[in-house]
>>> print(open('model.cif').read())   # mmCIF, C-alpha atoms
data_start
#
loop_
_atom_site.group_PDB
_atom_site.id
_atom_site.type_symbol
_atom_site.label_atom_id
_atom_site.label_comp_id
_atom_site.auth_asym_id
_atom_site.auth_seq_id
_atom_site.Cartn_x
_atom_site.Cartn_y
_atom_site.Cartn_z
ATOM 1 C CA MET A 193 7.980 -17.403 0.512
ATOM 2 C CA VAL A 194 8.608 -16.571 4.184
ATOM 3 C CA SER A 195 12.298 -16.021 4.962
ATOM 4 C CA LYS A 196 14.079 -17.969 7.711
ATOM 5 C CA LYS A 197 14.681 -14.797 9.725
ATOM 6 C CA ARG A 198 10.996 -13.971 9.632
ATOM 7 C CA MET A 199 10.040 -17.504 10.660
ATOM 8 C CA VAL A 200 12.444 -17.324 13.613
ATOM 9 C CA LEU A 201 10.959 -13.957 14.568
ATOM 10 C CA TYR A 202 7.408 -15.324 14.456
ATOM 11 C CA PHE A 203 8.479 -18.323 16.537
ATOM 12 C CA LEU A 204 10.105 -16.117 19.193
ATOM 13 C CA LEU A 205 7.069 -13.829 19.263
ATOM 14 C CA ALA A 206 4.802 -16.844 19.739
ATOM 15 C CA LEU A 207 6.974 -18.191 22.591
ATOM 16 C CA ALA A 208 7.078 -14.780 24.246
ATOM 17 C CA SER A 209 3.314 -14.461 23.945
ATOM 18 C CA ILE A 210 2.741 -17.919 25.433
ATOM 19 C CA ALA A 211 5.144 -17.174 28.282
ATOM 20 C CA ILE A 212 3.472 -13.842 29.061
ATOM 21 C CA ILE A 213 -0.004 -15.391 28.944
ATOM 22 C CA SER A 214 1.131 -18.221 31.247
ATOM 23 C CA LEU A 215 2.692 -15.831 33.769
ATOM 24 C CA TRP A 216 -0.328 -13.569 33.666
ATOM 25 C CA THR A 217 -2.695 -16.515 34.083
ATOM 26 C CA ASP A 218 -0.728 -17.865 37.054
ATOM 27 C CA TRP A 219 -0.653 -14.443 38.697
ATOM 28 C CA ASN A 220 -4.303 -13.777 38.002
ATOM 29 C CA MET A 221 -5.446 -17.157 39.304
ATOM 30 C CA SER A 222 -3.311 -16.971 42.470
ATOM 31 C CA HIS A 223 -4.450 -13.419 43.013
ATOM 32 C CA ARG A 224 -8.071 -14.480 42.639
ATOM 33 C CA VAL A 225 -7.553 -17.387 45.057
ATOM 34 C CA ASP A 226 -6.008 -15.074 47.645
ATOM 35 C CA PHE A 227 -8.765 -12.516 47.141
ATOM 36 C CA ASN A 228 -11.542 -15.108 47.455
ATOM 37 C CA THR A 229 -9.866 -16.635 50.518
ATOM 38 C CA ARG A 230 -9.827 -13.304 52.292
ATOM 39 C CA VAL A 231 -13.444 -12.641 51.296
ATOM 40 C CA ASN A 232 -14.477 -16.000 52.816
ATOM 41 C CA GLN A 233 -12.471 -15.165 55.920
ATOM 42 C CA ALA A 234 -14.249 -11.845 56.284
ATOM 43 C CA ASP A 235 -17.616 -13.529 55.710
ATOM 44 C CA ASN A 236 -16.849 -16.037 58.486
ATOM 45 C CA PHE A 237 -15.971 -13.216 60.908
ATOM 46 C CA TYR A 238 -19.184 -11.461 59.979
ATOM 47 C CA ASN A 239 -21.292 -14.605 60.387
ATOM 48 C CA ASN A 240 -19.676 -15.148 63.824
ATOM 49 C CA ALA A 241 -20.606 -11.592 64.815
ATOM 50 C CA ASP A 242 -16.988 -10.434 64.827
ATOM 51 C CA TYR A 243 -17.919 -7.308 62.891
ATOM 52 C CA GLN A 244 -14.744 -5.404 63.646
ATOM 53 C CA ALA A 245 -12.464 -8.108 62.182
ATOM 54 C CA ALA A 246 -14.757 -8.512 59.171
ATOM 55 C CA SER A 247 -14.853 -4.758 58.599
ATOM 56 C CA THR A 248 -11.042 -4.525 58.728
ATOM 57 C CA ILE A 249 -10.665 -7.189 56.027
ATOM 58 C CA TYR A 250 -13.422 -5.694 53.871
ATOM 59 C CA LYS A 251 -11.816 -2.254 54.046
ATOM 60 C CA ASP A 252 -8.439 -3.692 53.154
ATOM 61 C CA LEU A 253 -9.881 -5.530 50.131
ATOM 62 C CA VAL A 254 -11.690 -2.414 48.937
ATOM 63 C CA ALA A 255 -8.508 -0.356 49.320
ATOM 64 C CA GLN A 256 -6.551 -2.864 47.249
ATOM 65 C CA HIS A 257 -9.218 -3.169 44.518
ATOM 66 C CA PRO A 258 -11.002 0.187 44.186
ATOM 67 C CA LYS A 259 -13.815 -0.520 41.760
ATOM 68 C CA LYS A 260 -11.574 -2.573 39.475
ATOM 69 C CA ARG A 261 -12.855 -5.622 37.712
ATOM 70 C CA GLN A 262 -10.234 -8.287 37.097
ATOM 71 C CA LEU A 263 -9.862 -9.627 33.582
ATOM 72 C CA THR A 264 -10.807 -13.172 32.868
ATOM 73 C CA VAL A 265 -8.309 -15.581 31.309
ATOM 74 C CA GLY A 266 -10.187 -15.385 28.006
ATOM 75 C CA GLU A 267 -10.104 -11.595 27.957
ATOM 76 C CA GLY A 268 -6.419 -11.530 28.760
ATOM 77 C CA SER A 269 -5.640 -14.079 26.066
ATOM 78 C CA LEU A 270 -7.610 -12.027 23.534
ATOM 79 C CA ILE A 271 -5.656 -8.886 24.444
ATOM 80 C CA PHE A 272 -2.348 -10.683 24.021
ATOM 81 C CA PHE A 273 -3.502 -12.143 20.705
ATOM 82 C CA PHE A 274 -4.257 -8.676 19.321
ATOM 83 C CA ALA A 275 -0.971 -7.382 20.705
ATOM 84 C CA LEU A 276 0.920 -10.200 18.997
ATOM 85 C CA THR A 277 -0.935 -9.603 15.725
ATOM 86 C CA SER A 278 -0.101 -5.900 15.878
ATOM 87 C CA ILE A 279 3.574 -6.696 16.412
ATOM 88 C CA VAL A 280 3.623 -9.070 13.442
ATOM 89 C CA PHE A 281 1.954 -6.523 11.146
ATOM 90 C CA PHE A 282 4.363 -3.838 12.356
ATOM 91 C CA VAL A 283 7.322 -6.090 11.566
ATOM 92 C CA LEU A 284 5.894 -6.803 8.106
ATOM 93 C CA TYR A 285 5.398 -3.072 7.543
ATOM 94 C CA LEU A 286 9.002 -2.330 8.487
ATOM 95 C CA ASP A 287 10.157 -5.134 6.198
ATOM 96 C CA SER A 288 8.158 -3.735 3.253
ATOM 97 C CA ARG A 289 9.576 -0.262 3.900
ATOM 98 C CA ARG A 290 13.083 -1.691 3.975
ATOM 99 C CA LYS A 291 12.528 -3.438 0.642
ATOM 100 C CA LEU A 292 11.116 -0.243 -0.889
ATOM 101 C CA ARG A 293 14.139 1.746 0.286
ATOM 102 C CA SER A 294 16.371 -0.922 -1.206
ATOM 103 C CA ILE A 295 14.551 -0.689 -4.548
ATOM 104 C CA LEU A 296 14.803 3.089 -4.537
ATOM 105 C CA SER A 297 18.474 2.945 -3.575
ATOM 106 C CA ASN A 298 19.260 0.545 -6.410
ATOM 107 C CA SER A 299 17.244 2.603 -8.857
ATOM 108 C CA ILE A 300 18.953 5.825 -7.828
ATOM 109 C CA GLU A 301 22.286 4.403 -8.951
ATOM 110 C CA SER A 302 20.997 4.389 -12.531
ATOM 111 C CA ASP A 303 20.948 7.624 -14.522
ATOM 112 C CA LYS A 304 18.487 6.057 -16.961
ATOM 113 C CA VAL A 305 15.561 5.388 -14.650
ATOM 114 C CA PRO A 306 12.994 7.361 -16.720
ATOM 115 C CA GLU A 307 14.175 5.746 -19.961
ATOM 116 C CA LEU A 308 14.030 2.263 -18.468
ATOM 117 C CA LEU A 309 10.450 2.851 -17.357
ATOM 118 C CA HIS A 310 9.474 4.558 -20.592
ATOM 119 C CA VAL A 311 7.230 2.615 -22.974
ATOM 120 C CA ASP A 312 7.904 3.154 -26.662
ATOM 121 C CA TYR A 313 5.616 2.025 -29.452
ATOM 122 C CA HIS A 314 7.785 0.870 -32.324
ATOM 123 C CA TYR A 315 5.724 1.757 -35.350
ATOM 124 C CA ASP A 316 8.572 0.791 -37.685
ATOM 125 C CA LYS A 317 8.444 -2.805 -36.491
ATOM 126 C CA VAL A 318 4.720 -3.178 -37.129
ATOM 127 C CA VAL A 319 3.776 -5.142 -40.221
ATOM 128 C CA PRO A 320 0.425 -3.727 -41.421
ATOM 129 C CA LYS A 321 -2.091 -6.084 -42.936
ATOM 130 C CA SER A 322 -3.068 -3.696 -45.693
ATOM 131 C CA LYS A 323 -2.234 -0.370 -47.316
ATOM 132 C CA ALA A 324 -5.118 1.169 -45.409
ATOM 133 C CA ASP A 325 -3.652 -0.028 -42.101
ATOM 134 C CA GLU A 326 -0.217 1.271 -43.094
ATOM 135 C CA LYS A 327 -1.664 4.724 -43.841
ATOM 136 C CA MET A 328 -3.653 4.696 -40.595
ATOM 137 C CA LEU A 329 -0.523 3.798 -38.606
ATOM 138 C CA MET A 330 1.373 6.724 -40.106
ATOM 139 C CA GLN A 331 -1.467 9.058 -39.214
ATOM 140 C CA LEU A 332 -1.684 7.574 -35.712
ATOM 141 C CA ARG A 333 2.035 8.106 -35.210
ATOM 142 C CA THR A 334 1.773 11.730 -36.308
ATOM 143 C CA LEU A 335 -1.155 12.422 -34.017
ATOM 144 C CA PHE A 336 0.405 10.845 -30.932
ATOM 145 C CA ASP A 337 4.157 11.369 -31.342
ATOM 146 C CA GLU A 338 4.150 14.778 -32.971
ATOM 147 C CA LYS A 339 0.858 16.496 -32.179
ATOM 148 C CA GLU A 340 0.458 14.788 -28.789
ATOM 149 C CA VAL A 341 -3.310 14.535 -29.031
ATOM 150 C CA PHE A 342 -3.261 12.287 -25.957
ATOM 151 C CA LEU A 343 -2.903 15.438 -23.829
ATOM 152 C CA ASP A 344 -6.523 16.249 -24.628
ATOM 153 C CA LYS A 345 -8.646 15.161 -21.649
ATOM 154 C CA ASP A 346 -11.552 14.450 -23.984
ATOM 155 C CA MET A 347 -9.542 12.132 -26.233
ATOM 156 C CA SER A 348 -11.459 8.924 -26.906
ATOM 157 C CA VAL A 349 -11.539 6.164 -29.468
ATOM 158 C CA ASP A 350 -14.566 7.846 -31.078
ATOM 159 C CA LEU A 351 -12.763 11.189 -31.373
ATOM 160 C CA LEU A 352 -9.664 9.480 -32.753
ATOM 161 C CA ALA A 353 -11.781 7.616 -35.306
ATOM 162 C CA ASN A 354 -13.192 10.944 -36.505
ATOM 163 C CA MET A 355 -9.680 12.357 -36.834
ATOM 164 C CA LEU A 356 -8.588 9.387 -38.931
ATOM 165 C CA VAL A 357 -11.861 9.247 -40.860
ATOM 166 C CA THR A 358 -12.522 5.634 -39.951
ATOM 167 C CA THR A 359 -14.537 3.611 -37.442
ATOM 168 C CA LYS A 360 -13.665 3.056 -33.808
ATOM 169 C CA SER A 361 -13.739 -0.686 -34.496
ATOM 170 C CA ASN A 362 -10.968 -0.291 -37.081
ATOM 171 C CA ILE A 363 -8.885 1.809 -34.680
ATOM 172 C CA SER A 364 -9.345 -0.650 -31.821
ATOM 173 C CA HIS A 365 -8.355 -3.621 -33.971
ATOM 174 C CA LEU A 366 -5.346 -1.780 -35.408
ATOM 175 C CA ILE A 367 -3.998 -0.830 -31.980
ATOM 176 C CA ASN A 368 -4.639 -4.290 -30.588
ATOM 177 C CA ASP A 369 -2.973 -6.066 -33.529
ATOM 178 C CA SER A 370 -0.029 -3.651 -33.716
ATOM 179 C CA PHE A 371 0.750 -3.021 -30.038
ATOM 180 C CA HIS A 372 -1.103 -5.840 -28.237
ATOM 181 C CA CYS A 373 -3.154 -3.577 -25.976
ATOM 182 C CA ASN A 374 -6.522 -1.847 -25.991
ATOM 183 C CA PHE A 375 -7.062 1.840 -26.697
ATOM 184 C CA PRO A 376 -7.300 3.023 -23.034
ATOM 185 C CA THR A 377 -3.956 1.344 -22.226
ATOM 186 C CA PHE A 378 -2.404 2.753 -25.383
ATOM 187 C CA LEU A 379 -3.625 6.225 -24.472
ATOM 188 C CA ASN A 380 -2.603 6.040 -20.801
ATOM 189 C CA ASN A 381 0.879 4.756 -21.636
ATOM 190 C CA TYR A 382 1.491 7.831 -23.760
ATOM 191 C CA ARG A 383 0.269 10.021 -20.918
ATOM 192 C CA VAL A 384 2.453 8.230 -18.359
ATOM 193 C CA ASN A 385 5.473 8.605 -20.680
ATOM 194 C CA LYS A 386 4.799 12.324 -20.772
ATOM 195 C CA ALA A 387 4.514 12.439 -16.989
ATOM 196 C CA ILE A 388 7.870 10.686 -16.603
ATOM 197 C CA SER A 389 9.581 13.188 -18.893
ATOM 198 C CA LEU A 390 8.018 16.138 -17.034
ATOM 199 C CA PHE A 391 8.974 14.690 -13.668
ATOM 200 C CA ASP A 392 12.590 14.401 -14.782
ATOM 201 C CA LYS A 393 12.758 17.969 -16.136
ATOM 202 C CA TYR A 394 10.468 19.912 -13.807
ATOM 203 C CA ILE A 395 10.588 17.980 -10.541
ATOM 204 C CA ASP A 396 9.946 21.053 -8.350
ATOM 205 C CA VAL A 397 7.403 22.689 -10.655
ATOM 206 C CA TYR A 398 4.511 20.229 -10.850
ATOM 207 C CA THR A 399 2.383 18.859 -8.047
ATOM 208 C CA ILE A 400 0.895 15.396 -8.592
ATOM 209 C CA GLU A 401 -2.483 16.960 -9.380
ATOM 210 C CA ALA A 402 -1.000 19.495 -11.809
ATOM 211 C CA LEU A 403 1.038 16.801 -13.530
ATOM 212 C CA ALA A 404 -2.030 14.590 -13.958
ATOM 213 C CA GLU A 405 -3.952 17.461 -15.523
ATOM 214 C CA GLU A 406 -1.021 18.480 -17.729
ATOM 215 C CA CYS A 407 -0.744 14.953 -19.128
ATOM 216 C CA GLY A 408 -4.431 14.606 -20.001
ATOM 217 C CA PHE A 409 -5.766 12.659 -17.012
ATOM 218 C CA ASN A 410 -9.176 13.660 -15.693
ATOM 219 C CA ASN A 411 -8.264 13.200 -12.022
ATOM 220 C CA ARG A 412 -5.506 12.162 -9.643
ATOM 221 C CA GLN A 413 -6.962 8.704 -8.985
ATOM 222 C CA VAL A 414 -6.940 7.664 -12.650
ATOM 223 C CA PHE A 415 -3.398 9.032 -13.004
ATOM 224 C CA HIS A 416 -2.234 7.162 -9.887
ATOM 225 C CA SER A 417 -3.716 3.880 -11.138
ATOM 226 C CA ALA A 418 -2.326 4.195 -14.685
ATOM 227 C CA PHE A 419 1.108 5.295 -13.452
ATOM 228 C CA LYS A 420 1.424 2.469 -10.929
ATOM 229 C CA LYS A 421 0.263 -0.104 -13.482
ATOM 230 C CA ARG A 422 2.869 1.039 -16.014
ATOM 231 C CA VAL A 423 5.825 1.962 -13.750
ATOM 232 C CA GLY A 424 5.307 -0.348 -10.791
ATOM 233 C CA MET A 425 5.109 2.400 -8.157
ATOM 234 C CA PRO A 426 2.838 5.396 -7.491
ATOM 235 C CA PRO A 427 3.857 8.804 -8.894
ATOM 236 C CA SER A 428 4.686 10.166 -5.427
ATOM 237 C CA LYS A 429 7.312 7.433 -4.884
ATOM 238 C CA PHE A 430 8.684 7.903 -8.373
ATOM 239 C CA ARG A 431 9.013 11.608 -7.660
ATOM 240 C CA GLU A 432 11.136 10.820 -4.583
ATOM 241 C CA LEU A 433 13.326 8.568 -6.708
ATOM 242 C CA ILE A 434 13.897 11.312 -9.281
ATOM 243 C CA LYS A 435 14.725 13.863 -6.584
ATOM 244 C CA HIS A 436 17.316 11.554 -5.032
ATOM 245 C CA LYS A 437 18.807 10.827 -8.426
ATOM 246 C CA GLN A 438 19.201 14.521 -9.208
ATOM 247 C CA ILE A 439 20.703 15.290 -5.794
ATOM 248 C CA ASN A 440 23.277 12.509 -6.129
ATOM 249 C CA LYS A 441 24.412 13.542 -9.593
#
>>> encode(input="model.cif", output="structure tokens")
Amino acid sequence: MVSKKRMVLYFLLALASIAIISLWTDWNMSHRVDFNTRVNQADNFYNNADYQAASTIYKDLVAQHPKKRQLTVGEGSLIFFFALTSIVFFVLYLDSRRKLRSILSNSIESDKVPELLHVDYHYDKVVPKSKADEKMLMQLRTLFDEKEVFLDKDMSVDLLANMLVTTKSNISHLINDSFHCNFPTFLNNYRVNKAISLFDKYIDVYTIEALAEECGFNNRQVFHSAFKKRVGMPPSKFRELIKHKQINK
């Protein structure tokens, strides 16, 4: 919803734009009238064979308007419209930056930012449907929490199914029923959790690209998308937050 301050700002910008367009239009029209009047006057002198008087006026007009084409009212209005639009977008940009700084400032006050953004899968709270599912969950927990197989860039539901000696359909259904997400989300959340922990411990060691590779992502774009989806901000912004938090400790 648009705030009252922003509405007032838009209203003032609109009034200013209308006022400027009106003043420009009045000036342009009066200037054109004066210009055309003098042209007619020079033409009359010329037609009456008073070439010297006509030449004087022509020279004066040329000196005042050296090869310049005056803008039409429509062209001027279009220019002011784009100028007004640019101002509005600039104001919105500054407002979004202010809100982001506010979010970062509030987050910096908390020493538990990484933990708050961390996603844990509570295996102990899952109620398996069968003994087979219970065994598979234990194996899944060992592979992901202890062996950290998610760091493997080639990890897939097919590879995981081979590790657990089952089918990828069984794995997909187990993850969906137990944690209410699909396998790619499950996998990426583990990787993002790892990235958060590395950011907090080795803030000046890893670049964004190195961190993505270290956590099992194939490229920076996939890492950026998964991180922003899980945390709510891109990794570069989160890195700034962590740096500020460490400085202010």
>>> resolve_selection(input="model.cif", expression="the PyMOL selection byres ((chain A and resi 353-355) around 12)", output="list in words")
Met328, Gln331, Leu332, Thr334, Leu335, Phe336, Val341, Met347, Ser348, Val349, Asp350, Leu351, Leu352, Leu356, Val357, Thr358, Thr359, Lys360, Ser361, Asn362, Ile363, Ser364, His365, Leu366, Ile367 and Phe375 of chain A
>>> atom_distance(input="model.cif", atom1="atom CA of Leu329 of chain A", atom2="atom CA of Lys420 of chain A")
27.8 Å
>>> closest_residue(input="model.cif", among="A:Thr229, A:Ser389, A:Ser322, A:Asn380", to="Lys421 of chain A", atoms="all atoms listed in the file")
A:Asn380
>>> closest_residue(input="model.cif", among="A:His314, A:Lys327, A:Arg431, A:Arg333", to="Val397 of chain A", atoms="all atoms listed in the file")
A:Arg431
>>> resolve_selection(input="model.cif", expression="the PyMOL selection byres ((chain A and resi 315) around 9)", output="list of chain:residue names")
A:Tyr313, A:His314, A:Asp316, A:Lys317, A:Val318, A:Val319, A:Leu329, A:Met330, A:Arg333, A:Ser370, A:Phe371
>>> residues_around(input="model.cif", residues="His416 of chain A", least_positions_apart="5", cutoff="10 Å", atoms="only C-alpha atoms", output="list in words")
Val384, Ile400, Glu401, Ala404, Phe409, Asn411, Lys421, Met425, Pro426, Pro427 and Ser428 of chain A
>>> atom_distance(input="model.cif", atom1="atom CA of Ala418 of chain A", atom2="atom CA of His436 of chain A")
23.1 Å
>>> atom_distance(input="model.cif", atom1="atom CA of Ser417 of chain A", atom2="atom CA of Ile434 of chain A")
19.2 Å
>>> residues_around(input="model.cif", residues="Ala234 of chain A", least_positions_apart="3", cutoff="6 Å", atoms="all atoms listed in the file", output="PyMOL selection string")
chain A and resi 231+237+246+249
>>> axis_aligned_box(input="model.cif", around="segment 316-335 of chain A", padding_each_side="5 Å", output="AutoDock Vina command-line options")
--center_x 1.7 --center_y 3.2 --center_z -40.7 --size_x 23.7 --size_y 28.5 --size_z 23.3
>>> resolve_selection(input="model.cif", expression="the PyMOL selection byres ((chain A and resi 386) around 12)", output="number ranges by chain")
A: 306-307, 309-312, 336-337, 340-343, 379-385, 387-394, 403-409, 415, 419
